[in-house]
$ cat coords-v2.pdb   # PDB, C-alpha atoms
ATOM      1  CA  MET A  82      13.214 137.546 103.645  1.00  0.00           C
ATOM      2  CA  ILE A  83       9.850 139.248 103.157  1.00  0.00           C
ATOM      3  CA  HIS A  84       9.264 142.440 105.116  1.00  0.00           C
ATOM      4  CA  GLU A  85       5.664 143.256 106.009  1.00  0.00           C
ATOM      5  CA  PHE A  86       4.844 146.952 105.731  1.00  0.00           C
ATOM      6  CA  ARG A  87       1.175 146.838 106.658  1.00  0.00           C
ATOM      7  CA  ARG A  88       0.184 148.515 109.889  1.00  0.00           C
ATOM      8  CA  THR A  89      -2.205 145.739 110.890  1.00  0.00           C
ATOM      9  CA  PRO A  90      -2.206 142.017 110.021  1.00  0.00           C
ATOM     10  CA  ARG A  91      -4.832 140.799 107.563  1.00  0.00           C
ATOM     11  CA  ARG A  92      -6.611 137.585 108.445  1.00  0.00           C
ATOM     12  CA  LYS A  93      -7.657 135.446 105.494  1.00  0.00           C
ATOM     13  CA  THR A  94     -11.161 134.080 105.514  1.00  0.00           C
ATOM     14  CA  ALA A  95     -11.362 130.298 105.244  1.00  0.00           C
ATOM     15  CA  ALA A  96     -15.145 130.228 104.805  1.00  0.00           C
ATOM     16  CA  THR A  97     -17.241 132.138 102.288  1.00  0.00           C
ATOM     17  CA  ILE A  98     -18.336 135.348 104.005  1.00  0.00           C
ATOM     18  CA  LEU A  99     -20.876 137.283 101.972  1.00  0.00           C
ATOM     19  CA  VAL A 100     -20.797 141.078 102.154  1.00  0.00           C
ATOM     20  CA  THR A 101     -24.064 143.016 101.829  1.00  0.00           C
ATOM     21  CA  ASP A 102     -24.565 146.677 100.974  1.00  0.00           C
ATOM     22  CA  ALA A 103     -26.614 147.874 103.967  1.00  0.00           C
ATOM     23  CA  MET A 104     -28.264 150.625 101.919  1.00  0.00           C
ATOM     24  CA  THR A 105     -29.603 148.383  99.133  1.00  0.00           C
ATOM     25  CA  ASP A 106     -29.620 145.028 100.990  1.00  0.00           C
ATOM     26  CA  ARG A 107     -27.850 143.452  97.978  1.00  0.00           C
ATOM     27  CA  SER A 108     -24.900 141.116  98.145  1.00  0.00           C
ATOM     28  CA  VAL A 109     -21.867 142.857  96.626  1.00  0.00           C
ATOM     29  CA  GLY A 110     -19.351 140.021  96.927  1.00  0.00           C
ATOM     30  CA  ARG A 111     -17.365 138.036  99.434  1.00  0.00           C
ATOM     31  CA  LEU A 112     -14.711 138.882 101.957  1.00  0.00           C
ATOM     32  CA  GLY A 113     -11.155 137.970 100.963  1.00  0.00           C
ATOM     33  CA  ASN A 114      -9.359 139.141 104.107  1.00  0.00           C
ATOM     34  CA  VAL A 115      -9.912 141.588 106.922  1.00  0.00           C
ATOM     35  CA  SER A 116      -7.851 143.657 109.346  1.00  0.00           C
ATOM     36  CA  GLU A 117      -8.827 146.157 111.986  1.00  0.00           C
ATOM     37  CA  SER A 118      -8.244 148.934 109.449  1.00  0.00           C
ATOM     38  CA  GLY A 119      -9.919 147.530 106.335  1.00  0.00           C
ATOM     39  CA  MET A 120     -10.890 144.648 104.101  1.00  0.00           C
ATOM     40  CA  LEU A 121     -10.388 143.028 100.719  1.00  0.00           C
ATOM     41  CA  LEU A 122     -13.625 142.345  98.846  1.00  0.00           C
ATOM     42  CA  ILE A 123     -13.965 140.024  95.885  1.00  0.00           C
ATOM     43  CA  ALA A 124     -16.756 142.040  94.316  1.00  0.00           C
ATOM     44  CA  SER A 125     -19.390 140.635  92.003  1.00  0.00           C
ATOM     45  CA  GLU A 126     -21.306 143.923  91.713  1.00  0.00           C
ATOM     46  CA  ALA A 127     -20.247 147.172  90.057  1.00  0.00           C
ATOM     47  CA  LEU A 128     -18.555 149.580  92.467  1.00  0.00           C
ATOM     48  CA  THR A 129     -17.865 153.286  92.175  1.00  0.00           C
ATOM     49  CA  ASP A 130     -14.225 154.352  92.473  1.00  0.00           C
ATOM     50  CA  ASP A 131     -13.403 156.393  95.622  1.00  0.00           C
ATOM     51  CA  ALA A 132     -16.957 155.957  96.967  1.00  0.00           C
ATOM     52  CA  LEU A 133     -18.270 155.420 100.483  1.00  0.00           C
ATOM     53  CA  TYR A 134     -20.349 152.350 101.319  1.00  0.00           C
ATOM     54  CA  GLN A 135     -22.085 150.843 104.334  1.00  0.00           C
ATOM     55  CA  PHE A 136     -21.373 147.090 104.406  1.00  0.00           C
ATOM     56  CA  ARG A 137     -22.585 144.233 106.594  1.00  0.00           C
ATOM     57  CA  PHE A 138     -21.045 140.793 107.038  1.00  0.00           C
ATOM     58  CA  VAL A 139     -20.968 138.009 109.631  1.00  0.00           C
ATOM     59  CA  LEU A 140     -17.659 136.550 110.790  1.00  0.00           C
ATOM     60  CA  PRO A 141     -17.920 132.838 111.617  1.00  0.00           C
ATOM     61  CA  GLU A 142     -17.498 131.549 115.158  1.00  0.00           C
ATOM     62  CA  SER A 143     -16.806 127.934 116.049  1.00  0.00           C
ATOM     63  CA  ASP A 144     -19.262 127.970 118.944  1.00  0.00           C
ATOM     64  CA  GLY A 145     -21.832 130.643 118.111  1.00  0.00           C
ATOM     65  CA  PRO A 146     -24.044 132.316 115.551  1.00  0.00           C
ATOM     66  CA  GLY A 147     -21.258 134.521 114.217  1.00  0.00           C
ATOM     67  CA  ILE A 148     -20.178 138.096 114.749  1.00  0.00           C
ATOM     68  CA  ALA A 149     -22.289 140.633 112.872  1.00  0.00           C
ATOM     69  CA  ILE A 150     -20.253 143.609 111.673  1.00  0.00           C
ATOM     70  CA  GLU A 151     -21.609 146.747 110.031  1.00  0.00           C
ATOM     71  CA  ALA A 152     -18.996 149.182 108.779  1.00  0.00           C
ATOM     72  CA  GLY A 153     -18.755 152.401 106.871  1.00  0.00           C
ATOM     73  CA  VAL A 154     -16.026 151.871 104.284  1.00  0.00           C
ATOM     74  CA  HIS A 155     -14.104 153.873 101.684  1.00  0.00           C
ATOM     75  CA  LEU A 156     -13.146 152.212  98.394  1.00  0.00           C
ATOM     76  CA  LEU A 157      -9.407 152.808  97.928  1.00  0.00           C
ATOM     77  CA  TRP A 158      -8.578 150.695  94.863  1.00  0.00           C
ATOM     78  CA  MET A 159      -9.935 148.119  92.414  1.00  0.00           C
ATOM     79  CA  ASP A 160      -8.256 145.600  90.124  1.00  0.00           C
ATOM     80  CA  GLU A 161      -9.665 143.016  87.726  1.00  0.00           C
ATOM     81  CA  ALA A 162      -9.885 139.487  89.094  1.00  0.00           C
ATOM     82  CA  SER A 163      -9.206 136.432  86.954  1.00  0.00           C
ATOM     83  CA  ALA A 164     -12.895 135.425  87.014  1.00  0.00           C
ATOM     84  CA  PRO A 165     -15.086 137.312  84.525  1.00  0.00           C
ATOM     85  CA  GLY A 166     -17.312 139.920  86.164  1.00  0.00           C
ATOM     86  CA  GLN A 167     -15.322 140.069  89.403  1.00  0.00           C
ATOM     87  CA  VAL A 168     -12.910 142.650  90.781  1.00  0.00           C
ATOM     88  CA  TRP A 169     -10.607 142.796  93.772  1.00  0.00           C
ATOM     89  CA  ALA A 170     -11.470 145.875  95.843  1.00  0.00           C
ATOM     90  CA  GLY A 171      -9.593 147.304  98.809  1.00  0.00           C
ATOM     91  CA  PHE A 172     -11.524 149.240 101.459  1.00  0.00           C
ATOM     92  CA  ARG A 173     -10.542 151.059 104.614  1.00  0.00           C
ATOM     93  CA  PHE A 174     -12.913 151.189 107.553  1.00  0.00           C
ATOM     94  CA  ILE A 175     -14.094 154.695 108.358  1.00  0.00           C
ATOM     95  CA  ALA A 176     -16.859 153.904 110.873  1.00  0.00           C
ATOM     96  CA  VAL A 177     -17.325 150.788 112.984  1.00  0.00           C
ATOM     97  CA  ALA A 178     -19.148 150.845 116.321  1.00  0.00           C
ATOM     98  CA  ALA A 179     -16.741 150.367 119.241  1.00  0.00           C
ATOM     99  CA  PRO A 180     -18.289 147.068 120.447  1.00  0.00           C
ATOM    100  CA  GLN A 181     -18.132 145.623 116.915  1.00  0.00           C
ATOM    101  CA  MET A 182     -14.525 146.797 116.488  1.00  0.00           C
ATOM    102  CA  ALA A 183     -13.599 145.004 119.724  1.00  0.00           C
ATOM    103  CA  GLN A 184     -15.253 141.822 118.397  1.00  0.00           C
ATOM    104  CA  LEU A 185     -13.476 142.222 115.046  1.00  0.00           C
ATOM    105  CA  ARG A 186     -10.086 142.597 116.767  1.00  0.00           C
ATOM    106  CA  ALA A 187     -10.761 139.521 118.910  1.00  0.00           C
ATOM    107  CA  TRP A 188     -11.753 137.503 115.808  1.00  0.00           C
ATOM    108  CA  ILE A 189      -8.603 138.570 113.959  1.00  0.00           C
ATOM    109  CA  ASP A 190      -6.412 137.661 116.948  1.00  0.00           C
ATOM    110  CA  ALA A 191      -8.165 134.336 117.675  1.00  0.00           C
ATOM    111  CA  PRO A 192      -6.071 131.164 117.361  1.00  0.00           C
ATOM    112  CA  GLY A 193      -6.186 129.293 114.078  1.00  0.00           C
ATOM    113  CA  GLY A 194      -6.184 132.282 111.750  1.00  0.00           C
ATOM    114  CA  THR A 195      -4.102 132.486 108.590  1.00  0.00           C
ATOM    115  CA  PHE A 196      -2.557 135.849 107.830  1.00  0.00           C
ATOM    116  CA  GLU A 197      -1.392 137.666 104.702  1.00  0.00           C
TER
END

$ encode --input "coords-v2.pdb" --output "structure tokens"
Amino acid sequence: MIHEFRRTPRRKTAATILVTDAMTDRSVGRLGNVSESGMLLIASEALTDDALYQFRFVLPESDGPGIAIEAGVHLLWMDEASAPGQVWAGFRFIAVAAPQMAQLRAWIDAPGGTFE
């Protein structure tokens, strides 16, 4: 039996969700999974260990334009991915506007999600 020790469930992303650095307006990678406390990024750009970033991404909706999220994040860890030039990077959210956090929670809890 596997015991889950995470505080919040992580919803996998079925679609490709690009993540943009709000300060440079450059794509830094794609979202791997997301929870109300943080996210996994499959990064294609160089990142600085233990740094703070401001990221933007749009969560898909089945009947709408998507949910735009902008979040201040802290890079907690990085690990090499199997694809050359990519890394797995774990971030915790440090600043998300309350209305966007409510939308994020609703998206995570929506039916049809796959969790890690």

$ resolve_selection --input "coords-v2.pdb" --expression "the PyMOL selection byres ((chain A and resi 153) around 7)" --output "NGL selection string"
:A and (134-136 or 152 or 154 or 174-177)

$ closest_residue --input "coords-v2.pdb" --among "A:Ala170, A:Asp130, A:Pro141, A:Ile150" --to "Val109 (chain A)" --atoms "all atoms listed in the file"
A:Ala170

$ residues_around --input "coords-v2.pdb" --residues "region 112-115 of chain A" --least-positions-apart "4" --cutoff "8 Å" --atoms "only C-alpha atoms" --output "list in words"
Arg91, Arg92, Lys93, Thr94, Thr97, Ile98, Leu99, Val100, Gly119, Met120, Leu121, Leu122, Ile123 and Ile189 of chain A

$ closest_residue --input "coords-v2.pdb" --among "A:Ala178, A:Ala127, A:Ala183, A:Ala191" --to "Ser108 (chain A)" --atoms "all atoms listed in the file"
A:Ala127

$ closest_residue --input "coords-v2.pdb" --among "A:Ala124, A:Glu142, A:Trp158, A:Val168" --to "Thr101 (chain A)" --atoms "all atoms listed in the file"
A:Ala124

$ residues_around --input "coords-v2.pdb" --residues "Thr89 (chain A)" --least-positions-apart "2" --cutoff "8 Å" --atoms "all atoms listed in the file" --output "list in words"
Arg87, Arg91, Ser116, Glu117 and Ser118 of chain A

$ write_last_selection --input "coords-v2.pdb" --atoms "C-alpha atoms" --output "tab-separated table (two decimals), in the frame of the given file"
chain	number	residue	atom	x	y	z
A	87	ARG	CA	1.18	146.84	106.66
A	91	ARG	CA	-4.83	140.80	107.56
A	116	SER	CA	-7.85	143.66	109.35
A	117	GLU	CA	-8.83	146.16	111.99
A	118	SER	CA	-8.24	148.93	109.45

$ closest_residue --input "coords-v2.pdb" --among "A:Ala96, A:Val139, A:Ala187, A:Ala132" --to "Glu151 (chain A)" --atoms "all atoms listed in the file"
A:Val139

$ closest_residue --input "coords-v2.pdb" --among "A:Trp169, A:Glu126, A:Gly145, A:His155" --to "Thr105 (chain A)" --atoms "all atoms listed in the file"
A:Glu126

$ closest_residue --input "coords-v2.pdb" --among "A:Met159, A:Leu140, A:Met104, A:Ala149" --to "Leu128 (chain A)" --atoms "only C-alpha atoms"
A:Met159

$ atom_distance --input "coords-v2.pdb" --atom1 "CA of Ala103 (chain A)" --atom2 "CA of Asp131 (chain A)"
17.8 Å

$ atom_distance --input "coords-v2.pdb" --atom1 "CA of Trp188 (chain A)" --atom2 "CA of Asp160 (chain A)"
27.2 Å

$ atom_distance --input "coords-v2.pdb" --atom1 "CA of Asp144 (chain A)" --atom2 "CA of Pro90 (chain A)"
23.8 Å

$ build_atoms --input "coords-v2.pdb" --residues "region 125-150 of chain A" --atoms "N, CA and C atoms" --output "compact mmCIF listing (two decimals), in the frame of the given file"
# COMPACT_ATOMS: atom_id res chain seq x y z
N SER A 125 -18.65 141.16 93.15
CA SER A 125 -19.39 140.64 92.00
C SER A 125 -20.41 141.65 91.50
N GLU A 126 -20.44 142.82 92.12
CA GLU A 126 -21.31 143.92 91.71
C GLU A 126 -20.43 145.10 91.31
N ALA A 127 -20.98 145.97 90.47
CA ALA A 127 -20.25 147.17 90.06
C ALA A 127 -20.06 148.10 91.26
N LEU A 128 -18.88 148.65 91.39
CA LEU A 128 -18.56 149.58 92.47
C LEU A 128 -18.10 150.90 91.86
N THR A 129 -18.27 151.96 92.62
CA THR A 129 -17.86 153.29 92.18
C THR A 129 -16.53 153.64 92.82
N ASP A 130 -15.56 154.01 92.00
CA ASP A 130 -14.22 154.35 92.47
C ASP A 130 -14.29 155.49 93.49
N ASP A 131 -13.54 155.37 94.59
CA ASP A 131 -13.40 156.39 95.62
C ASP A 131 -14.71 156.69 96.36
N ALA A 132 -15.64 155.75 96.35
CA ALA A 132 -16.96 155.96 96.97
C ALA A 132 -16.99 155.45 98.41
N LEU A 133 -18.01 155.89 99.13
CA LEU A 133 -18.27 155.42 100.48
C LEU A 133 -19.42 154.44 100.44
N TYR A 134 -19.32 153.38 101.24
CA TYR A 134 -20.35 152.35 101.32
C TYR A 134 -20.61 152.00 102.78
N GLN A 135 -21.75 151.40 103.03
CA GLN A 135 -22.08 150.84 104.33
C GLN A 135 -22.28 149.35 104.11
N PHE A 136 -21.36 148.54 104.63
CA PHE A 136 -21.37 147.09 104.41
C PHE A 136 -21.71 146.34 105.69
N ARG A 137 -22.31 145.16 105.49
CA ARG A 137 -22.58 144.23 106.59
C ARG A 137 -22.02 142.88 106.23
N PHE A 138 -21.49 142.18 107.22
CA PHE A 138 -21.04 140.79 107.04
C PHE A 138 -21.00 140.12 108.40
N VAL A 139 -20.98 138.79 108.39
CA VAL A 139 -20.97 138.01 109.63
C VAL A 139 -19.72 137.14 109.64
N LEU A 140 -18.88 137.35 110.63
CA LEU A 140 -17.66 136.55 110.79
C LEU A 140 -18.02 135.25 111.50
N PRO A 141 -17.55 134.12 111.01
CA PRO A 141 -17.92 132.84 111.62
C PRO A 141 -17.27 132.62 112.98
N GLU A 142 -18.01 131.96 113.86
CA GLU A 142 -17.50 131.55 115.16
C GLU A 142 -17.65 130.04 115.26
N SER A 143 -16.72 129.39 115.92
CA SER A 143 -16.81 127.93 116.05
C SER A 143 -17.91 127.50 117.00
N ASP A 144 -18.27 128.36 117.94
CA ASP A 144 -19.26 127.97 118.94
C ASP A 144 -20.39 128.98 119.09
N GLY A 145 -20.78 129.64 118.01
CA GLY A 145 -21.83 130.64 118.11
C GLY A 145 -22.42 130.99 116.77
N PRO A 146 -23.34 131.95 116.78
CA PRO A 146 -24.04 132.32 115.55
C PRO A 146 -23.23 133.18 114.60
N GLY A 147 -22.08 133.64 115.04
CA GLY A 147 -21.26 134.52 114.22
C GLY A 147 -21.26 135.93 114.77
N ILE A 148 -20.34 136.72 114.28
CA ILE A 148 -20.18 138.10 114.75
C ILE A 148 -20.63 139.03 113.64
N ALA A 149 -21.74 139.71 113.87
CA ALA A 149 -22.29 140.63 112.87
C ALA A 149 -21.52 141.95 112.93
N ILE A 150 -21.01 142.36 111.79
CA ILE A 150 -20.25 143.61 111.67
C ILE A 150 -20.95 144.49 110.65
